[in-house]
$ cat final-v9.cif   # mmCIF, C-alpha atoms; chains and numbers go by the auth columns
data_structure
#
loop_
_atom_site.group_PDB
_atom_site.id
_atom_site.type_symbol
_atom_site.label_atom_id
_atom_site.label_comp_id
_atom_site.label_asym_id
_atom_site.label_seq_id
_atom_site.Cartn_x
_atom_site.Cartn_y
_atom_site.Cartn_z
_atom_site.B_iso_or_equiv
_atom_site.auth_seq_id
_atom_site.auth_asym_id
ATOM 1 C CA MET A 1 104.752 123.236 80.440 0.00 1 Z
ATOM 2 C CA ILE A 2 104.170 120.016 82.406 0.00 2 Z
ATOM 3 C CA LYS A 3 103.649 120.649 86.123 0.00 3 Z
ATOM 4 C CA VAL A 4 105.527 118.169 88.320 0.00 4 Z
ATOM 5 C CA LEU A 5 105.025 117.275 91.977 0.00 5 Z
ATOM 6 C CA ILE A 6 107.586 115.206 93.917 0.00 6 Z
ATOM 7 C CA ILE A 7 106.498 113.300 97.038 0.00 7 Z
ATOM 8 C CA ASP A 8 109.305 111.610 98.955 0.00 8 Z
ATOM 9 C CA ASP A 9 110.256 111.752 102.626 0.00 9 Z
ATOM 10 C CA GLU A 10 113.968 111.809 101.731 0.00 10 Z
ATOM 11 C CA LYS A 11 115.346 115.179 100.623 0.00 11 Z
ATOM 12 C CA LEU A 12 118.185 113.496 98.737 0.00 12 Z
ATOM 13 C CA ALA A 13 115.684 111.505 96.676 0.00 13 Z
ATOM 14 C CA ARG A 14 113.738 114.672 95.840 0.00 14 Z
ATOM 15 C CA ASP A 15 116.980 116.398 94.850 0.00 15 Z
ATOM 16 C CA VAL A 16 117.876 113.525 92.498 0.00 16 Z
ATOM 17 C CA VAL A 17 114.557 113.880 90.670 0.00 17 Z
ATOM 18 C CA LYS A 18 115.049 117.642 90.347 0.00 18 Z
ATOM 19 C CA ALA A 19 118.602 117.158 89.055 0.00 19 Z
ATOM 20 C CA TYR A 20 117.491 114.616 86.440 0.00 20 Z
ATOM 21 C CA LEU A 21 114.650 116.914 85.355 0.00 21 Z
ATOM 22 C CA LYS A 22 117.126 119.642 84.371 0.00 22 Z
ATOM 23 C CA GLU A 23 117.536 117.857 81.040 0.00 23 Z
ATOM 24 C CA HIS A 24 113.838 118.422 80.315 0.00 24 Z
ATOM 25 C CA ALA A 25 112.994 122.077 79.779 0.00 25 Z
ATOM 26 C CA ASP A 26 109.264 121.463 79.334 0.00 26 Z
ATOM 27 C CA LEU A 27 108.868 120.055 82.854 0.00 27 Z
ATOM 28 C CA GLN A 28 108.583 122.372 85.839 0.00 28 Z
ATOM 29 C CA VAL A 29 108.689 121.256 89.467 0.00 29 Z
ATOM 30 C CA THR A 30 105.858 123.257 90.985 0.00 30 Z
ATOM 31 C CA GLY A 31 105.933 121.515 94.361 0.00 31 Z
ATOM 32 C CA GLU A 32 107.625 118.939 96.557 0.00 32 Z
ATOM 33 C CA CYS A 33 106.243 117.249 99.651 0.00 33 Z
ATOM 34 C CA ALA A 34 107.992 115.316 102.388 0.00 34 Z
ATOM 35 C CA ASN A 35 104.970 113.192 103.324 0.00 35 Z
ATOM 36 C CA GLY A 36 101.721 111.846 101.959 0.00 36 Z
ATOM 37 C CA PHE A 37 99.498 114.202 103.948 0.00 37 Z
ATOM 38 C CA GLU A 38 101.047 117.225 102.268 0.00 38 Z
ATOM 39 C CA GLY A 39 100.923 115.408 98.941 0.00 39 Z
ATOM 40 C CA VAL A 40 97.177 114.696 99.000 0.00 40 Z
ATOM 41 C CA LYS A 41 96.456 118.317 99.894 0.00 41 Z
ATOM 42 C CA TYR A 42 98.745 119.638 97.148 0.00 42 Z
ATOM 43 C CA ILE A 43 97.271 117.353 94.461 0.00 43 Z
ATOM 44 C CA HIS A 44 93.742 118.366 95.428 0.00 44 Z
ATOM 45 C CA GLU A 45 94.538 122.090 95.338 0.00 45 Z
ATOM 46 C CA HIS A 46 97.016 122.404 92.452 0.00 46 Z
ATOM 47 C CA LYS A 47 96.252 119.520 90.048 0.00 47 Z
ATOM 48 C CA PRO A 48 99.799 118.644 88.880 0.00 48 Z
ATOM 49 C CA ASP A 49 100.236 116.850 85.556 0.00 49 Z
ATOM 50 C CA LEU A 50 102.899 114.403 86.729 0.00 50 Z
ATOM 51 C CA LEU A 51 103.630 112.917 90.124 0.00 51 Z
ATOM 52 C CA PHE A 52 106.847 111.280 91.304 0.00 52 Z
ATOM 53 C CA LEU A 53 105.666 109.186 94.245 0.00 53 Z
ATOM 54 C CA ASP A 54 107.742 107.288 96.782 0.00 54 Z
ATOM 55 C CA ILE A 55 106.019 104.177 98.135 0.00 55 Z
ATOM 56 C CA GLN A 56 107.805 103.624 101.441 0.00 56 Z
ATOM 57 C CA MET A 57 107.042 106.681 103.564 0.00 57 Z
ATOM 58 C CA PRO A 58 106.168 107.053 107.237 0.00 58 Z
ATOM 59 C CA LYS A 59 102.786 108.426 108.383 0.00 59 Z
ATOM 60 C CA LEU A 60 101.102 107.755 105.026 0.00 60 Z
ATOM 61 C CA THR A 61 102.529 105.270 102.532 0.00 61 Z
ATOM 62 C CA GLY A 62 102.400 105.749 98.782 0.00 62 Z
ATOM 63 C CA PHE A 63 99.739 103.041 98.468 0.00 63 Z
ATOM 64 C CA GLU A 64 97.608 104.676 101.160 0.00 64 Z
ATOM 65 C CA LEU A 65 97.929 107.978 99.309 0.00 65 Z
ATOM 66 C CA LEU A 66 96.696 106.286 96.120 0.00 66 Z
ATOM 67 C CA GLU A 67 93.520 105.216 97.918 0.00 67 Z
ATOM 68 C CA LEU A 68 92.715 108.884 98.566 0.00 68 Z
ATOM 69 C CA LEU A 69 93.102 110.182 94.996 0.00 69 Z
ATOM 70 C CA GLU A 70 89.882 110.761 93.074 0.00 70 Z
ATOM 71 C CA ASP A 71 91.425 112.099 89.858 0.00 71 Z
ATOM 72 C CA PRO A 72 95.120 111.114 89.867 0.00 72 Z
ATOM 73 C CA PRO A 73 97.690 112.666 87.530 0.00 73 Z
ATOM 74 C CA ALA A 74 100.188 110.576 85.570 0.00 74 Z
ATOM 75 C CA ILE A 75 102.398 108.842 88.138 0.00 75 Z
ATOM 76 C CA ILE A 76 105.957 107.524 88.192 0.00 76 Z
ATOM 77 C CA PHE A 77 106.456 105.441 91.314 0.00 77 Z
ATOM 78 C CA SER A 78 109.752 105.007 93.110 0.00 78 Z
ATOM 79 C CA THR A 79 110.738 102.435 95.696 0.00 79 Z
ATOM 80 C CA ALA A 80 113.674 100.738 97.299 0.00 80 Z
ATOM 81 C CA TYR A 81 113.585 96.994 96.644 0.00 81 Z
ATOM 82 C CA ASP A 82 110.126 95.733 97.486 0.00 82 Z
ATOM 83 C CA GLU A 83 109.084 92.569 95.657 0.00 83 Z
ATOM 84 C CA PHE A 84 105.384 93.037 96.453 0.00 84 Z
ATOM 85 C CA ALA A 85 105.315 96.636 95.217 0.00 85 Z
ATOM 86 C CA ILE A 86 107.246 95.743 92.055 0.00 86 Z
ATOM 87 C CA ARG A 87 104.906 92.838 91.367 0.00 87 Z
ATOM 88 C CA ALA A 88 101.941 95.203 91.696 0.00 88 Z
ATOM 89 C CA PHE A 89 103.539 97.744 89.355 0.00 89 Z
ATOM 90 C CA GLU A 90 104.293 95.168 86.677 0.00 90 Z
ATOM 91 C CA LYS A 91 100.870 93.545 86.947 0.00 91 Z
ATOM 92 C CA ASN A 92 99.204 96.896 86.298 0.00 92 Z
ATOM 93 C CA ALA A 93 101.685 98.236 83.718 0.00 93 Z
ATOM 94 C CA ALA A 94 102.665 101.134 85.979 0.00 94 Z
ATOM 95 C CA ASP A 95 105.913 103.030 85.516 0.00 95 Z
ATOM 96 C CA TYR A 96 108.288 102.667 88.451 0.00 96 Z
ATOM 97 C CA LEU A 97 111.868 103.500 89.349 0.00 97 Z
ATOM 98 C CA LEU A 98 113.816 101.131 91.563 0.00 98 Z
ATOM 99 C CA LYS A 99 116.147 103.137 93.808 0.00 99 Z
ATOM 100 C CA PRO A 100 118.917 103.927 93.078 0.00 100 Z
ATOM 101 C CA TYR A 101 118.264 104.597 89.397 0.00 101 Z
ATOM 102 C CA SER A 102 120.212 106.257 86.583 0.00 102 Z
ATOM 103 C CA GLN A 103 119.437 109.226 84.370 0.00 103 Z
ATOM 104 C CA ILE A 104 118.881 106.802 81.482 0.00 104 Z
ATOM 105 C CA ARG A 105 116.290 104.765 83.412 0.00 105 Z
ATOM 106 C CA PHE A 106 114.674 108.008 84.612 0.00 106 Z
ATOM 107 C CA ASN A 107 114.361 109.247 81.031 0.00 107 Z
ATOM 108 C CA GLU A 108 112.740 105.976 79.941 0.00 108 Z
ATOM 109 C CA ALA A 109 110.059 106.275 82.617 0.00 109 Z
ATOM 110 C CA LEU A 110 109.555 109.924 81.742 0.00 110 Z
ATOM 111 C CA LYS A 111 109.045 109.051 78.074 0.00 111 Z
ATOM 112 C CA LYS A 112 106.179 106.717 78.996 0.00 112 Z
ATOM 113 C CA ALA A 113 104.688 109.319 81.314 0.00 113 Z
ATOM 114 C CA ARG A 114 104.684 111.919 78.518 0.00 114 Z
ATOM 115 C CA LEU A 115 102.621 109.578 76.354 0.00 115 Z
ATOM 116 C CA LYS A 116 100.046 109.192 79.132 0.00 116 Z
ATOM 117 C CA ILE A 117 99.888 112.930 79.731 0.00 117 Z
ATOM 118 C CA GLY A 118 99.379 113.544 76.011 0.00 118 Z
ATOM 119 C CA SER A 119 96.629 110.948 75.647 0.00 119 Z
ATOM 120 C CA ASP A 120 93.014 110.824 76.778 0.00 120 Z
ATOM 121 C CA ASN A 121 93.543 107.648 78.781 0.00 121 Z
ATOM 122 C CA ASN A 122 92.204 107.780 82.302 0.00 122 Z
ATOM 123 C CA GLU A 123 94.903 106.934 84.843 0.00 123 Z
ATOM 124 C CA LEU A 124 92.371 105.924 87.493 0.00 124 Z
ATOM 125 C CA SER A 125 91.983 102.317 86.346 0.00 125 Z
ATOM 126 C CA PRO A 126 95.668 101.301 86.774 0.00 126 Z
ATOM 127 C CA VAL A 127 95.774 103.177 90.085 0.00 127 Z
ATOM 128 C CA ASN A 128 92.788 101.176 91.327 0.00 128 Z
ATOM 129 C CA GLY A 129 94.470 98.024 90.080 0.00 129 Z
ATOM 130 C CA LEU A 130 97.630 98.887 91.986 0.00 130 Z
ATOM 131 C CA VAL A 131 95.671 99.430 95.188 0.00 131 Z
ATOM 132 C CA GLU A 132 93.865 96.111 94.762 0.00 132 Z
ATOM 133 C CA SER A 133 97.102 94.254 93.971 0.00 133 Z
ATOM 134 C CA HIS A 134 98.755 95.709 97.054 0.00 134 Z
ATOM 135 C CA ARG A 135 95.787 94.746 99.211 0.00 135 Z
ATOM 136 C CA GLU A 136 96.106 91.164 98.012 0.00 136 Z
ATOM 137 C CA THR A 137 99.652 91.002 99.407 0.00 137 Z
ATOM 138 C CA THR A 138 98.909 92.727 102.722 0.00 138 Z
ATOM 139 C CA ASP A 139 99.032 90.245 105.569 0.00 139 Z
ATOM 140 C CA GLN A 140 96.699 91.988 107.998 0.00 140 Z
ATOM 141 C CA LEU A 141 95.157 95.414 108.393 0.00 141 Z
ATOM 142 C CA ASP A 142 96.198 97.413 111.423 0.00 142 Z
ATOM 143 C CA ARG A 143 94.753 100.747 110.271 0.00 143 Z
ATOM 144 C CA ILE A 144 92.453 102.269 107.663 0.00 144 Z
ATOM 145 C CA VAL A 145 93.036 105.589 105.908 0.00 145 Z
ATOM 146 C CA ILE A 146 89.999 107.686 105.007 0.00 146 Z
ATOM 147 C CA ARG A 147 89.588 111.003 103.254 0.00 147 Z
ATOM 148 C CA THR A 148 86.699 113.097 104.492 0.00 148 Z
ATOM 149 C CA GLY A 149 86.462 116.451 102.758 0.00 149 Z
ATOM 150 C CA SER A 150 89.874 118.077 102.970 0.00 150 Z
ATOM 151 C CA LYS A 151 90.888 116.000 105.994 0.00 151 Z
ATOM 152 C CA ILE A 152 92.641 112.646 106.223 0.00 152 Z
ATOM 153 C CA VAL A 153 91.641 110.348 109.057 0.00 153 Z
ATOM 154 C CA ILE A 154 93.693 107.326 110.102 0.00 154 Z
ATOM 155 C CA LEU A 155 91.774 104.827 112.206 0.00 155 Z
ATOM 156 C CA GLY A 156 93.531 102.036 114.049 0.00 156 Z
ATOM 157 C CA VAL A 157 91.449 98.863 113.869 0.00 157 Z
ATOM 158 C CA ASP A 158 91.134 99.007 117.652 0.00 158 Z
ATOM 159 C CA GLN A 159 89.104 102.215 117.233 0.00 159 Z
ATOM 160 C CA ILE A 160 86.515 100.663 114.922 0.00 160 Z
ATOM 161 C CA GLU A 161 83.193 99.350 116.239 0.00 161 Z
ATOM 162 C CA TYR A 162 81.665 97.921 113.081 0.00 162 Z
ATOM 163 C CA PHE A 163 81.463 98.097 109.293 0.00 163 Z
ATOM 164 C CA GLU A 164 78.292 98.327 107.225 0.00 164 Z
ATOM 165 C CA ALA A 165 78.037 97.757 103.456 0.00 165 Z
ATOM 166 C CA GLN A 166 76.377 100.690 101.674 0.00 166 Z
ATOM 167 C CA ASP A 167 76.180 100.262 97.876 0.00 167 Z
ATOM 168 C CA ASP A 168 79.708 100.800 96.469 0.00 168 Z
ATOM 169 C CA TYR A 169 81.016 102.022 99.829 0.00 169 Z
ATOM 170 C CA VAL A 170 81.503 100.704 103.324 0.00 170 Z
ATOM 171 C CA ALA A 171 80.442 102.783 106.306 0.00 171 Z
ATOM 172 C CA ILE A 172 82.971 102.636 109.145 0.00 172 Z
ATOM 173 C CA TYR A 173 81.718 103.450 112.631 0.00 173 Z
ATOM 174 C CA SER A 174 84.192 104.670 115.211 0.00 174 Z
ATOM 175 C CA GLU A 175 83.738 106.570 118.471 0.00 175 Z
ATOM 176 C CA GLY A 176 80.342 107.949 117.527 0.00 176 Z
ATOM 177 C CA LYS A 177 81.354 108.961 113.998 0.00 177 Z
ATOM 178 C CA LYS A 178 80.629 107.484 110.574 0.00 178 Z
ATOM 179 C CA TYR A 179 83.105 107.443 107.696 0.00 179 Z
ATOM 180 C CA LEU A 180 82.681 106.216 104.119 0.00 180 Z
ATOM 181 C CA LYS A 181 85.360 104.383 102.159 0.00 181 Z
ATOM 182 C CA GLN A 182 85.235 102.699 98.760 0.00 182 Z
ATOM 183 C CA VAL A 183 86.392 99.233 99.684 0.00 183 Z
ATOM 184 C CA ARG A 184 84.946 95.732 99.437 0.00 184 Z
ATOM 185 C CA MET A 185 83.537 93.894 102.438 0.00 185 Z
ATOM 186 C CA LYS A 186 85.220 90.709 101.197 0.00 186 Z
ATOM 187 C CA TYR A 187 88.605 92.413 101.423 0.00 187 Z
ATOM 188 C CA LEU A 188 87.903 93.645 104.960 0.00 188 Z
ATOM 189 C CA GLU A 189 86.679 90.217 106.023 0.00 189 Z
ATOM 190 C CA SER A 190 89.895 88.564 104.842 0.00 190 Z
ATOM 191 C CA SER A 191 92.286 91.300 106.053 0.00 191 Z
ATOM 192 C CA LEU A 192 91.011 92.279 109.498 0.00 192 Z
ATOM 193 C CA PRO A 193 92.301 90.382 112.566 0.00 193 Z
ATOM 194 C CA THR A 194 90.014 87.342 112.769 0.00 194 Z
ATOM 195 C CA HIS A 195 90.131 87.218 116.558 0.00 195 Z
ATOM 196 C CA ARG A 196 88.787 90.782 116.751 0.00 196 Z
ATOM 197 C CA PHE A 197 86.325 91.091 113.867 0.00 197 Z
ATOM 198 C CA VAL A 198 83.571 88.794 112.608 0.00 198 Z
ATOM 199 C CA ARG A 199 81.402 89.120 109.524 0.00 199 Z
ATOM 200 C CA VAL A 200 78.061 88.391 111.155 0.00 200 Z
ATOM 201 C CA HIS A 201 75.920 89.260 108.137 0.00 201 Z
ATOM 202 C CA ARG A 202 76.500 89.934 104.445 0.00 202 Z
ATOM 203 C CA SER A 203 76.238 93.662 105.253 0.00 203 Z
ATOM 204 C CA TYR A 204 77.996 93.804 108.641 0.00 204 Z
ATOM 205 C CA ILE A 205 81.380 93.138 110.212 0.00 205 Z
ATOM 206 C CA ILE A 206 81.592 93.869 113.927 0.00 206 Z
ATOM 207 C CA ALA A 207 84.335 94.114 116.533 0.00 207 Z
ATOM 208 C CA VAL A 208 83.619 91.277 118.963 0.00 208 Z
ATOM 209 C CA GLU A 209 84.697 93.373 121.947 0.00 209 Z
ATOM 210 C CA GLN A 210 81.809 95.753 121.212 0.00 210 Z
ATOM 211 C CA ILE A 211 79.188 93.016 121.693 0.00 211 Z
ATOM 212 C CA ASP A 212 77.157 93.262 124.885 0.00 212 Z
ATOM 213 C CA LYS A 213 74.819 90.354 124.228 0.00 213 Z
ATOM 214 C CA ILE A 214 73.228 88.289 121.459 0.00 214 Z
ATOM 215 C CA GLU A 215 69.484 87.675 121.235 0.00 215 Z
ATOM 216 C CA ALA A 216 67.361 85.414 119.041 0.00 216 Z
ATOM 217 C CA TYR A 217 65.363 87.402 116.471 0.00 217 Z
ATOM 218 C CA THR A 218 63.766 84.829 114.182 0.00 218 Z
ATOM 219 C CA LYS A 219 64.168 81.095 113.760 0.00 219 Z
ATOM 220 C CA ASP A 220 67.319 81.531 111.682 0.00 220 Z
ATOM 221 C CA SER A 221 68.614 84.963 112.697 0.00 221 Z
ATOM 222 C CA TYR A 222 69.806 86.884 115.723 0.00 222 Z
ATOM 223 C CA LEU A 223 70.595 90.401 116.894 0.00 223 Z
ATOM 224 C CA ALA A 224 73.925 91.497 118.331 0.00 224 Z
ATOM 225 C CA MET A 225 73.392 94.207 120.938 0.00 225 Z
ATOM 226 C CA LEU A 226 76.428 96.472 121.033 0.00 226 Z
ATOM 227 C CA LYS A 227 77.648 98.331 124.100 0.00 227 Z
ATOM 228 C CA ASP A 228 76.382 101.639 122.700 0.00 228 Z
ATOM 229 C CA GLY A 229 72.870 100.212 122.220 0.00 229 Z
ATOM 230 C CA LYS A 230 73.014 99.593 118.462 0.00 230 Z
ATOM 231 C CA LYS A 231 71.398 96.428 117.145 0.00 231 Z
ATOM 232 C CA ILE A 232 73.209 94.545 114.376 0.00 232 Z
ATOM 233 C CA PRO A 233 71.552 91.682 112.463 0.00 233 Z
ATOM 234 C CA VAL A 234 73.339 88.351 112.721 0.00 234 Z
ATOM 235 C CA SER A 235 72.762 85.616 110.171 0.00 235 Z
ATOM 236 C CA ARG A 236 72.723 81.929 110.999 0.00 236 Z
ATOM 237 C CA SER A 237 76.238 81.429 109.628 0.00 237 Z
ATOM 238 C CA GLY A 238 77.438 84.590 111.358 0.00 238 Z
ATOM 239 C CA TYR A 239 76.100 83.246 114.647 0.00 239 Z
ATOM 240 C CA GLN A 240 78.088 80.037 114.205 0.00 240 Z
ATOM 241 C CA VAL A 241 81.284 82.009 113.631 0.00 241 Z
ATOM 242 C CA LEU A 242 80.579 84.114 116.732 0.00 242 Z
ATOM 243 C CA LYS A 243 80.119 80.938 118.778 0.00 243 Z
ATOM 244 C CA GLU A 244 83.559 79.755 117.670 0.00 244 Z
ATOM 245 C CA VAL A 245 85.273 83.077 118.341 0.00 245 Z
ATOM 246 C CA LEU A 246 83.547 83.809 121.668 0.00 246 Z
ATOM 247 C CA LYS A 247 83.524 80.134 122.727 0.00 247 Z
ATOM 248 C CA PHE A 248 79.942 79.932 123.982 0.00 248 Z
#
$ encode --input "final-v9.cif" --output "structure tokens"
Amino acid sequence: MIKVLIIDDEKLARDVVKAYLKEHADLQVTGECANGFEGVKYIHEHKPDLLFLDIQMPKLTGFELLELLEDPPAIIFSTAYDEFAIRAFEKNAADYLLKPYSQIRFNEALKKARLKIGSDNNELSPVNGLVESHRETTDQLDRIVIRTGSKIVILGVDQIEYFEAQDDYVAIYSEGKKYLKQVRMKYLESSLPTHRFVRVHRSYIIAVEQIDKIEAYTKDSYLAMLKDGKKIPVSRSGYQVLKEVLKF
């Protein structure tokens, strides 16, 4: 028996999936969630085999949920018309249903999902590709979603003091706390509001409003003194960018 989880904020959409699944006796809906927060918790605790995931949801979008999955099940995505989402799906060979969809189209997607469930292929790679493709089409970050243990934290960019590269992760510092997220500094540099954040060093991006003062450190480097007393290294090129942003 294949265990199915449905995540969609619309009850009607969840009911459609359940109705279409009645043709398939070997699939059992073991859970349904109305938002991404519930979905992440359910996946972590119950390990479903197949996930029907809506992309456009309030609170936590389908793409944000994907960022939080360490060992994702087979996934069939659903969306109302969204050219960026569809482009990401097709680029990464992901199965998706464009709402509204028919029983025939549903069965086609389900056939592909069965093959993935029955194979040894790891679903993580296409999921990572989807996340990266979506990031490429995002105009500007206004928040960052982080999973810490069993909790999900959503940080508005106005809450973040600075970012620090740490191997394959980035440490995010906010209100006296440190969070880790697997994301590239290059992506953050290009996606954060440029008038609020500056990459001052290959390992640091700081919120300019957190800067108290800047001091010379060596001939070609500086230190940014933050309001909480932390000292952040500033490269020569980073200093030039700060001069342009802060106009000094």
$ atom_distance --input "final-v9.cif" --atom1 "CA of Gly238 (chain Z)" --atom2 "CA of Arg199 (chain Z)"
6.3 Å
$ resolve_selection --input "final-v9.cif" --expression "the PyMOL selection byres ((chain Z and resi 59) around 9)" --output "PyMOL selection string"
chain Z and resi 35-37+57-58+60-61
$ write_last_selection --input "final-v9.cif" --atoms "C-alpha atoms" --output "tab-separated table (two decimals), in the frame of the given file"
chain	number	residue	atom	x	y	z
Z	35	ASN	CA	104.97	113.19	103.32
Z	36	GLY	CA	101.72	111.85	101.96
Z	37	PHE	CA	99.50	114.20	103.95
Z	57	MET	CA	107.04	106.68	103.56
Z	58	PRO	CA	106.17	107.05	107.24
Z	60	LEU	CA	101.10	107.76	105.03
Z	61	THR	CA	102.53	105.27	102.53
$ closest_residue --input "final-v9.cif" --among "Z:Leu98, Z:Leu66, Z:Ala19, Z:Cys33" --to "Ala80 (chain Z)" --atoms "all atoms listed in the file"
Z:Leu98
$ closest_residue --input "final-v9.cif" --among "Z:Ser133, Z:Thr218, Z:Ser237, Z:Gln159" --to "Ala85 (chain Z)" --atoms "only C-alpha atoms"
Z:Ser133
$ closest_residue --input "final-v9.cif" --among "Z:Leu51, Z:Ala74, Z:Ala171, Z:Val241" --to "Ser119 (chain Z)" --atoms "only C-alpha atoms"
Z:Ala74
$ residues_around --input "final-v9.cif" --residues "Tyr162 (chain Z)" --least-positions-apart "5" --cutoff "10 Å" --atoms "all atoms listed in the file" --output "count of residues only"
17
